[in-house]
>>> print(open('model_20.cif').read())   # mmCIF, C-alpha atoms
data_input
loop_
_atom_site.label_atom_id
_atom_site.label_comp_id
_atom_site.auth_asym_id
_atom_site.auth_seq_id
_atom_site.Cartn_x
_atom_site.Cartn_y
_atom_site.Cartn_z
CA MET A 156 105.43 12.81 58.16
CA THR A 157 108.78 14.45 58.85
CA ARG A 158 110.29 15.32 62.19
CA PRO A 159 109.74 19.00 62.99
CA PRO A 160 112.92 21.09 62.98
CA ARG A 161 114.66 21.43 66.31
CA SER A 162 114.44 24.75 67.98
CA ASP A 163 117.06 26.54 70.04
CA LEU A 164 114.37 27.43 72.52
CA SER A 165 113.86 24.94 75.28
CA ASP A 166 110.33 26.20 75.82
CA GLY A 167 109.41 25.66 72.23
CA PRO A 168 108.57 28.48 69.88
CA ASP A 169 104.94 27.54 69.68
CA ARG A 170 104.45 28.18 73.35
CA LEU A 171 105.93 31.66 72.99
CA TYR A 172 103.77 32.26 69.98
CA THR A 173 100.72 31.35 72.05
CA VAL A 174 101.74 33.58 74.96
CA THR A 175 101.80 36.59 72.67
CA GLY A 176 98.61 35.63 70.83
CA GLY A 177 100.59 35.19 67.64
CA ARG A 178 101.96 38.71 67.65
CA SER A 179 105.59 39.30 67.04
CA THR A 180 106.20 42.97 67.67
CA ALA A 181 105.68 45.11 70.73
CA GLY A 182 103.57 47.67 68.94
CA THR A 183 104.61 51.25 69.27
CA HIS A 184 105.83 51.05 72.84
CA ALA A 185 109.55 51.34 73.12
CA PHE A 186 110.52 49.54 76.29
CA ASP A 187 114.17 49.57 77.19
CA VAL A 188 115.58 46.54 79.01
CA VAL A 189 115.83 48.76 82.10
CA THR A 190 112.51 50.57 81.79
CA LEU A 191 110.92 50.25 85.24
CA ILE A 192 107.39 48.85 85.22
CA VAL A 193 104.87 49.73 87.93
CA THR A 194 101.51 48.05 88.42
CA GLU A 195 98.57 50.44 88.50
CA GLN A 196 95.70 47.94 88.63
CA GLN A 197 95.70 44.60 90.38
CA PRO A 198 95.10 41.40 88.37
CA VAL A 199 91.51 40.34 87.81
CA PRO A 200 90.12 36.79 87.49
CA GLY A 201 90.19 35.39 83.97
CA MET A 202 93.22 37.40 82.96
CA GLN A 203 95.96 35.69 80.93
CA SER A 204 98.26 34.14 83.53
CA GLU A 205 101.40 35.88 82.27
CA HIS A 206 99.68 39.26 82.50
CA ALA A 207 98.57 38.48 86.04
CA ARG A 208 102.08 37.42 87.03
CA ILE A 209 103.54 40.65 85.69
CA LEU A 210 101.00 42.69 87.66
CA ARG A 211 101.87 40.84 90.86
CA LEU A 212 105.59 41.18 90.21
CA CYS A 213 105.51 44.90 89.50
CA ARG A 214 103.76 46.09 92.65
CA GLN A 215 107.18 47.60 93.31
CA PRO A 216 109.03 49.07 90.31
CA THR A 217 110.64 46.24 88.34
CA ALA A 218 112.92 46.48 85.29
CA VAL A 219 111.83 44.80 82.05
CA VAL A 220 114.87 42.52 82.24
CA GLU A 221 113.91 41.38 85.74
CA VAL A 222 110.36 40.67 84.63
CA ALA A 223 111.78 38.52 81.82
CA ALA A 224 114.09 36.64 84.21
CA GLU A 225 111.31 36.02 86.73
CA LEU A 226 108.86 34.83 84.10
CA GLY A 227 111.50 32.78 82.30
CA LEU A 228 110.52 34.34 78.98
CA PRO A 229 112.64 36.07 76.34
CA ILE A 230 112.75 39.86 76.61
CA SER A 231 111.04 40.44 73.28
CA VAL A 232 108.08 38.32 74.38
CA VAL A 233 107.84 40.19 77.68
CA LYS A 234 107.83 43.51 75.84
CA ILE A 235 104.77 42.41 73.90
CA LEU A 236 102.96 41.44 77.10
CA LEU A 237 103.92 44.75 78.69
CA GLY A 238 102.59 46.58 75.65
CA ASP A 239 99.19 44.97 76.26
CA LEU A 240 99.17 45.99 79.90
CA LEU A 241 100.30 49.52 79.14
CA GLU A 242 97.59 49.96 76.54
CA ALA A 243 95.01 48.73 79.03
CA GLY A 244 96.28 51.22 81.61
CA ARG A 245 97.21 48.46 84.05
CA ILE A 246 100.86 49.47 84.29
CA THR A 247 102.94 52.58 83.92
CA ALA A 248 106.49 52.68 82.55
CA ARG A 249 109.38 54.74 83.90
CA HIS A 250 111.81 54.97 81.00
CA PRO A 251 115.54 55.61 81.47
CA ARG A 252 116.23 59.33 81.24
CA PHE A 253 119.58 58.96 79.48
CA ALA A 254 119.01 58.74 75.74
CA PRO A 255 122.37 58.64 73.99
CA ALA A 256 120.74 59.30 70.65
CA GLN A 257 120.53 62.91 71.76
CA ALA A 258 123.84 63.22 73.55
CA ARG A 259 126.97 61.11 73.45
CA LEU A 260 127.43 61.33 77.18
CA PRO A 261 125.12 62.19 80.02
CA ASP A 262 125.75 65.51 81.72
CA LEU A 263 128.41 65.88 84.34
CA ASP A 264 125.99 66.33 87.25
CA THR A 265 124.32 63.05 86.43
CA LEU A 266 127.63 61.22 86.17
CA LYS A 267 128.71 62.63 89.50
CA GLN A 268 125.51 61.38 91.08
CA VAL A 269 126.29 57.90 89.78
CA LEU A 270 129.85 58.21 91.04
CA HIS A 271 128.75 59.26 94.51
CA GLY A 272 126.21 56.45 94.60
CA LEU A 273 128.96 53.93 93.85
CA GLN A 274 131.37 55.44 96.34
CA ARG A 275 128.76 55.17 99.09
CA LEU A 276 128.33 51.42 98.56
CA MET B 46 126.22 29.12 76.05
CA ASP B 47 128.35 31.68 77.76
CA SER B 48 126.26 31.99 80.85
CA ASN B 49 127.52 30.47 83.96
CA GLY B 50 126.44 29.54 87.39
CA SER B 51 123.30 31.58 87.81
CA GLU B 52 119.86 30.30 87.19
CA ALA B 53 116.79 32.30 86.44
CA GLY B 54 113.69 31.72 88.42
CA PRO B 55 111.68 32.64 91.40
CA ALA B 56 113.52 30.21 93.70
CA ALA B 57 115.45 32.97 95.42
CA ARG B 58 113.44 35.51 97.33
CA ARG B 59 113.11 38.68 95.30
CA ILE B 60 114.45 41.91 96.66
CA PRO B 61 112.25 44.60 95.15
CA LEU B 62 113.38 48.08 94.23
CA ARG B 63 112.22 51.03 96.29
CA SER B 64 108.87 52.41 95.21
CA THR B 65 110.56 55.76 94.49
CA ALA B 66 112.92 54.23 91.90
CA ASP B 67 112.30 56.02 88.62
CA ASN B 68 115.50 55.96 86.59
CA ALA B 69 117.83 53.13 85.63
CA TRP B 70 121.34 53.18 84.20
CA LYS B 71 123.20 50.42 82.39
CA ILE B 72 126.81 49.34 82.44
CA VAL B 73 127.94 46.39 80.36
CA VAL B 74 130.62 43.93 81.47
CA VAL B 75 132.02 42.14 78.46
CA GLY B 76 134.69 39.51 78.13
CA GLY B 77 135.61 36.08 76.90
CA PHE B 78 134.23 32.80 78.16
CA GLY B 79 135.08 32.07 81.79
CA VAL B 80 136.87 35.35 82.45
CA GLY B 81 134.69 36.15 85.46
CA LYS B 82 131.91 38.45 84.18
CA THR B 83 129.21 36.82 86.27
CA THR B 84 131.54 36.78 89.27
CA LEU B 85 132.17 40.51 88.98
CA VAL B 86 128.48 41.30 88.51
CA GLY B 87 127.63 39.06 91.47
CA SER B 88 130.17 40.54 93.82
CA VAL B 89 128.75 44.09 93.56
CA SER B 90 125.10 43.27 92.86
CA GLU B 91 122.49 43.58 95.60
CA ILE B 92 120.63 40.65 94.04
CA ARG B 93 121.98 37.27 93.06
CA PRO B 94 122.79 37.60 89.35
CA LEU B 95 119.83 36.54 87.26
CA ALA B 96 119.97 35.03 83.82
CA THR B 97 117.63 36.01 81.07
CA GLU B 98 117.51 35.43 77.37
CA GLU B 99 116.68 37.22 74.20
CA VAL B 100 115.51 35.81 70.91
CA MET B 101 117.60 37.03 68.05
CA THR B 102 117.26 36.66 64.36
CA ARG B 103 120.53 36.40 62.50
CA ALA B 104 119.57 38.74 59.74
CA GLY B 105 119.35 42.33 60.88
CA GLU B 106 115.66 42.45 60.04
CA GLY B 107 112.60 41.59 62.05
CA ILE B 108 114.85 41.27 65.00
CA ASP B 109 112.03 41.72 67.47
CA ASP B 110 110.30 38.69 66.10
CA PRO B 111 109.83 35.72 68.44
CA SER B 112 107.88 33.90 65.74
CA ALA B 113 111.08 33.74 63.69
CA VAL B 114 112.19 30.82 65.85
CA ARG B 115 109.77 28.74 63.86
CA ASP B 116 111.94 28.73 60.81
CA LYS B 117 115.34 28.57 62.48
CA ARG B 118 116.30 32.07 61.52
CA ALA B 119 116.62 32.83 65.19
CA THR B 120 118.66 31.83 68.13
CA THR B 121 118.58 32.69 71.80
CA VAL B 122 121.32 34.38 73.71
CA ALA B 123 121.51 34.19 77.47
CA PHE B 124 123.08 36.88 79.58
CA ASP B 125 123.37 37.66 83.27
CA PHE B 126 122.60 40.82 85.09
CA GLY B 127 122.74 42.32 88.54
CA ARG B 128 121.62 45.53 90.13
CA ILE B 129 122.88 48.29 92.45
CA THR B 130 120.58 50.85 94.08
CA LEU B 131 122.35 54.22 93.88
CA SER B 132 119.79 56.46 95.55
CA ALA B 133 116.09 56.64 96.32
CA GLU B 134 115.45 57.35 92.64
CA SER B 135 118.20 55.75 90.62
CA VAL B 136 119.42 52.25 90.11
CA LEU B 137 122.28 50.80 88.10
CA TYR B 138 121.97 47.56 86.15
CA LEU B 139 125.07 45.57 85.28
CA PHE B 140 124.93 43.24 82.30
CA GLY B 141 127.45 40.51 81.74
CA ALA B 142 127.68 39.65 78.06
CA PRO B 143 129.79 37.35 75.95
CA GLY B 144 132.21 39.36 73.84
CA GLN B 145 132.65 36.98 70.94
CA GLU B 146 131.76 38.04 67.45
CA ARG B 147 128.75 35.77 67.13
CA PHE B 148 127.02 37.43 70.07
CA TRP B 149 127.60 40.97 69.06
CA PHE B 150 124.19 41.40 67.48
CA LEU B 151 122.82 41.25 71.00
CA TRP B 152 124.65 44.38 71.95
CA ASP B 153 123.31 47.06 69.71
CA ARG B 154 119.95 45.82 70.65
CA LEU B 155 119.98 45.42 74.40
CA PHE B 156 122.72 47.73 75.49
CA SER B 157 122.15 50.90 73.54
CA GLY B 158 121.98 53.67 76.06
CA ALA B 159 124.58 52.10 78.34
CA LEU B 160 126.79 54.56 80.20
CA GLY B 161 129.86 52.58 79.28
CA ALA B 162 131.52 49.20 79.40
CA VAL B 163 134.00 47.21 81.40
CA VAL B 164 136.15 44.87 79.31
CA LEU B 165 137.22 42.10 81.65
CA VAL B 166 140.38 40.35 80.48
CA ASP B 167 142.38 37.30 81.42
CA ASP B 168 145.99 38.05 80.59
CA ARG B 169 146.63 34.47 79.45
CA ARG B 170 143.96 34.94 76.80
CA LEU B 171 144.18 38.56 75.74
CA ALA B 172 143.14 37.84 72.17
CA ASP B 173 139.67 36.94 73.46
CA SER B 174 138.96 40.61 74.03
CA TRP B 175 140.21 42.02 70.73
CA TYR B 176 136.88 41.84 69.02
CA ALA B 177 134.97 43.46 71.90
CA ILE B 178 137.44 46.34 72.08
CA ASP B 179 137.21 46.91 68.32
CA ARG B 180 133.45 47.11 68.49
CA LEU B 181 133.36 49.40 71.51
CA GLU B 182 135.74 51.78 69.76
CA GLN B 183 133.64 51.66 66.61
CA HIS B 184 130.52 52.48 68.59
CA GLY B 185 132.24 55.25 70.49
CA MET B 186 131.22 53.61 73.72
CA PRO B 187 133.57 54.56 76.56
CA PHE B 188 135.20 51.67 78.40
CA VAL B 189 137.83 50.65 80.89
CA VAL B 190 139.85 47.45 80.76
CA ALA B 191 140.05 45.43 83.97
CA ARG B 192 142.41 42.50 84.30
CA ASN B 193 140.98 39.81 86.52
CA THR B 194 143.93 38.69 88.60
CA PHE B 195 142.67 35.41 89.97
CA GLU B 196 146.15 34.15 89.22
CA PRO B 197 149.44 36.03 89.45
CA PRO B 198 149.60 38.38 86.44
CA LYS B 199 151.64 37.18 83.52
CA HIS B 200 152.25 40.46 81.73
CA SER B 201 153.16 44.00 82.70
CA PRO B 202 150.44 46.63 82.23
CA GLN B 203 152.50 48.11 79.40
CA ARG B 204 152.59 44.75 77.64
CA ILE B 205 148.81 44.46 77.98
CA ARG B 206 148.29 47.92 76.54
CA GLU B 207 150.41 46.97 73.58
CA ALA B 208 148.72 43.63 73.07
CA LEU B 209 145.29 45.26 73.16
CA ASP B 210 146.43 48.36 71.29
CA LEU B 211 144.76 50.54 73.92
CA SER B 212 144.79 54.27 73.50
CA PRO B 213 146.52 56.03 76.40
CA GLN B 214 143.21 57.54 77.56
CA VAL B 215 141.65 54.15 78.23
CA PRO B 216 142.13 53.21 81.90
CA LEU B 217 143.62 49.79 82.60
CA LEU B 218 143.42 48.33 86.08
CA ASP B 219 143.76 45.08 87.95
CA CYS B 220 140.88 43.64 89.89
CA ASP B 221 139.77 40.57 91.74
CA ALA B 222 136.28 39.94 90.43
CA ARG B 223 135.45 37.87 93.51
CA ASP B 224 136.06 40.83 95.77
CA ARG B 225 133.25 43.32 96.21
CA GLU B 226 135.48 46.30 96.97
CA SER B 227 137.75 45.54 94.03
CA SER B 228 134.84 45.15 91.61
CA LYS B 229 133.33 48.36 92.94
CA GLN B 230 136.60 50.17 92.16
CA VAL B 231 136.34 48.99 88.55
CA LEU B 232 132.92 50.62 88.23
CA ILE B 233 134.13 53.78 89.95
CA GLU B 234 137.07 53.94 87.54
CA LEU B 235 134.69 53.67 84.61
CA VAL B 236 132.44 56.48 85.85
CA ARG B 237 135.51 58.67 86.60
CA HIS B 238 136.64 58.02 83.04
CA LEU B 239 133.20 59.12 81.81
CA CYS B 240 133.42 62.30 83.90
CA ALA B 241 136.87 63.05 82.47
CA ARG B 242 135.65 62.53 78.92
CA THR B 243 132.65 64.75 79.48
CA GLU B 244 134.81 67.48 81.03
CA ALA B 245 137.25 67.26 78.12
CA GLU B 246 134.40 67.47 75.65
CA LEU B 247 132.91 70.49 77.42
CA SER B 248 136.19 72.39 77.51
CA GLN B 249 136.84 71.58 73.88
CA ARG B 250 133.43 72.93 72.94
CA GLN B 251 134.10 76.04 74.99
CA GLU B 252 137.41 76.52 73.22
CA GLU B 253 135.79 76.12 69.82
CA ARG B 254 133.19 78.69 70.78
CA GLN B 255 135.87 81.14 71.85
CA VAL B 256 137.76 80.65 68.62
CA ALA B 257 134.56 81.17 66.64
CA ARG B 258 133.78 84.35 68.57
CA GLN B 259 137.25 85.66 68.04
CA GLU B 260 137.04 84.99 64.33
CA ALA B 261 133.69 86.75 64.15
CA ARG B 262 135.14 89.75 65.98
CA GLN B 263 138.11 89.93 63.63
CA GLU B 264 135.76 89.67 60.70
CA GLU B 265 133.71 92.59 62.04
CA GLU B 266 136.79 94.69 62.68
CA SER B 267 138.14 94.11 59.21
CA HIS B 268 134.81 95.31 57.77
CA SER B 269 134.60 98.45 59.86
#
>>> encode(input="model_20.cif", output="structure tokens")
Amino acid sequence: MTRPPRSDLSDGPDRLYTVTGGRSTAGTHAFDVVTLIVTEQQPVPGMQSEHARILRLCRQPTAVVEVAAELGLPISVVKILLGDLLEAGRITARHPRFAPAQARLPDLDTLKQVLHGLQRL
Amino acid sequence: MDSNGSEAGPAARRIPLRSTADNAWKIVVVGGFGVGKTTLVGSVSEIRPLATEEVMTRAGEGIDDPSAVRDKRATTVAFDFGRITLSAESVLYLFGAPGQERFWFLWDRLFSGALGAVVLVDDRRLADSWYAIDRLEQHGMPFVVARNTFEPPKHSPQRIREALDLSPQVPLLDCDARDRESSKQVLIELVRHLCARTEAELSQRQEERQVARQEARQEEESHS
């Protein structure tokens, strides 16, 4: 019997592995860290507790990164859980509209909107 | 871990986004340990900065793989973030991230699609930001440099530009990361810089088009 290797994760990798049902990729859904998640169907009894927590949290739009912080789970794990909920139609995802793969910079109008938003603070 | 002061968790009451929110932007605040990233994020954020973490494998492959922690190929990186509601529809997220080389693999991953970056520097430790500036330039990500002046500045702006080898287009400004108005000005400076770049790019494209048209016209004339 040897001591199991130490993990960098305080929660323990096995727990994370269990949360995701052993899966390690988020399927085909590309969630950005700031994709806004919105609950479409309320949690039902018997649902995995993490799924239910996400559905309660996202009654108002909530970014993926905020879901991760609130659940205390790594972002990649949260993306897998969100993939489940999206597939089941329980959430919708509002993805960021700026995709720099297509354009180096967002258009001027958009930038000016951001600028005005900041100036109004 | 380069994450300071803020704890994750539901202890604080959540302030939800408006139900009309449908588009989020990202700005990254990067800098050395203890330079004030979390302070800056916190002073402009409408929520107390939250900490979250990402599991990262060291090799560039299977990076989305939480099961990799089982065989020690992975590590976790913590980072802080805050949020600013800009309008009924749009919201800006600010991410504070360690700028050291060993954390860079986090960046490509989490921060692709960011509008730009703020490099926060402490002028007693300018070398801490060299690596971050190199990488931002390599990625073509626009940035401004903000000197956090929690102590009287040690160097002149010109000396800082030299030490960081900043191109003249890159804005350099002083800020007090503890001060909301000052931190807000840093973000405004970044977005102004983005506007200027976009305008320059547009006019350059227009010029190129004009030159191309002129050449085509000359070509036609020489054939007729």
>>> resolve_selection(input="model_20.cif", expression="the PyMOL selection byres ((chain B and resi 76-93) around 8)", output="tab-separated table (two decimals) with C-alpha atoms, in the coordinates of the input")
chain	number	residue	atom	x	y	z
B	47	ASP	CA	128.35	31.68	77.76
B	48	SER	CA	126.26	31.99	80.85
B	49	ASN	CA	127.52	30.47	83.96
B	50	GLY	CA	126.44	29.54	87.39
B	51	SER	CA	123.30	31.58	87.81
B	59	ARG	CA	113.11	38.68	95.30
B	60	ILE	CA	114.45	41.91	96.66
B	74	VAL	CA	130.62	43.93	81.47
B	75	VAL	CA	132.02	42.14	78.46
B	94	PRO	CA	122.79	37.60	89.35
B	95	LEU	CA	119.83	36.54	87.26
B	125	ASP	CA	123.37	37.66	83.27
B	126	PHE	CA	122.60	40.82	85.09
B	127	GLY	CA	122.74	42.32	88.54
B	128	ARG	CA	121.62	45.53	90.13
B	129	ILE	CA	122.88	48.29	92.45
B	130	THR	CA	120.58	50.85	94.08
B	139	LEU	CA	125.07	45.57	85.28
B	140	PHE	CA	124.93	43.24	82.30
B	141	GLY	CA	127.45	40.51	81.74
B	142	ALA	CA	127.68	39.65	78.06
B	143	PRO	CA	129.79	37.35	75.95
B	144	GLY	CA	132.21	39.36	73.84
B	145	GLN	CA	132.65	36.98	70.94
B	164	VAL	CA	136.15	44.87	79.31
B	165	LEU	CA	137.22	42.10	81.65
B	166	VAL	CA	140.38	40.35	80.48
B	167	ASP	CA	142.38	37.30	81.42
B	173	ASP	CA	139.67	36.94	73.46
B	174	SER	CA	138.96	40.61	74.03
B	177	ALA	CA	134.97	43.46	71.90
B	193	ASN	CA	140.98	39.81	86.52
B	222	ALA	CA	136.28	39.94	90.43
B	223	ARG	CA	135.45	37.87	93.51
B	224	ASP	CA	136.06	40.83	95.77
B	225	ARG	CA	133.25	43.32	96.21
B	226	GLU	CA	135.48	46.30	96.97
B	228	SER	CA	134.84	45.15	91.61
B	229	LYS	CA	133.33	48.36	92.94
>>> residues_around(input="model_20.cif", residues="region 194-205 of chain B", least_positions_apart="2", cutoff="10 Å", atoms="all atoms listed in the file", output="list in words")
Val80, Gly81, Val166, Asp167, Asp168, Arg169, Leu171, Val190, Ala191, Arg192, Glu207, Ala208, Leu209, Asp210, Leu211, Leu217, Leu218, Asp219, Cys220, Asp221, Ala222 and Arg223 of chain B
>>> atom_distance(input="model_20.cif", atom1="CA of Ala123 (chain B)", atom2="CA of Ala218 (chain A)")
16.9 Å
>>> closest_residue(input="model_20.cif", among="A:Lys234, A:Arg208, A:His184, A:His250", to="Ala66 (chain B)", atoms="all atoms listed in the file")
A:His250
>>> axis_aligned_box(input="model_20.cif", around="region 234-253 of chain A", padding_each_side="4 Å", output="AutoDock Vina command-line options")
--center_x 107.3 --center_y 50.4 --center_z 79.1 --size_x 32.6 --size_y 25.9 --size_z 18.4
>>> resolve_selection(input="model_20.cif", expression="the PyMOL selection byres ((chain B and resi 149) around 12)", output="ChimeraX atom specification")
/B:75-76,101,103,105,122,142-148,150-156,176-181,184
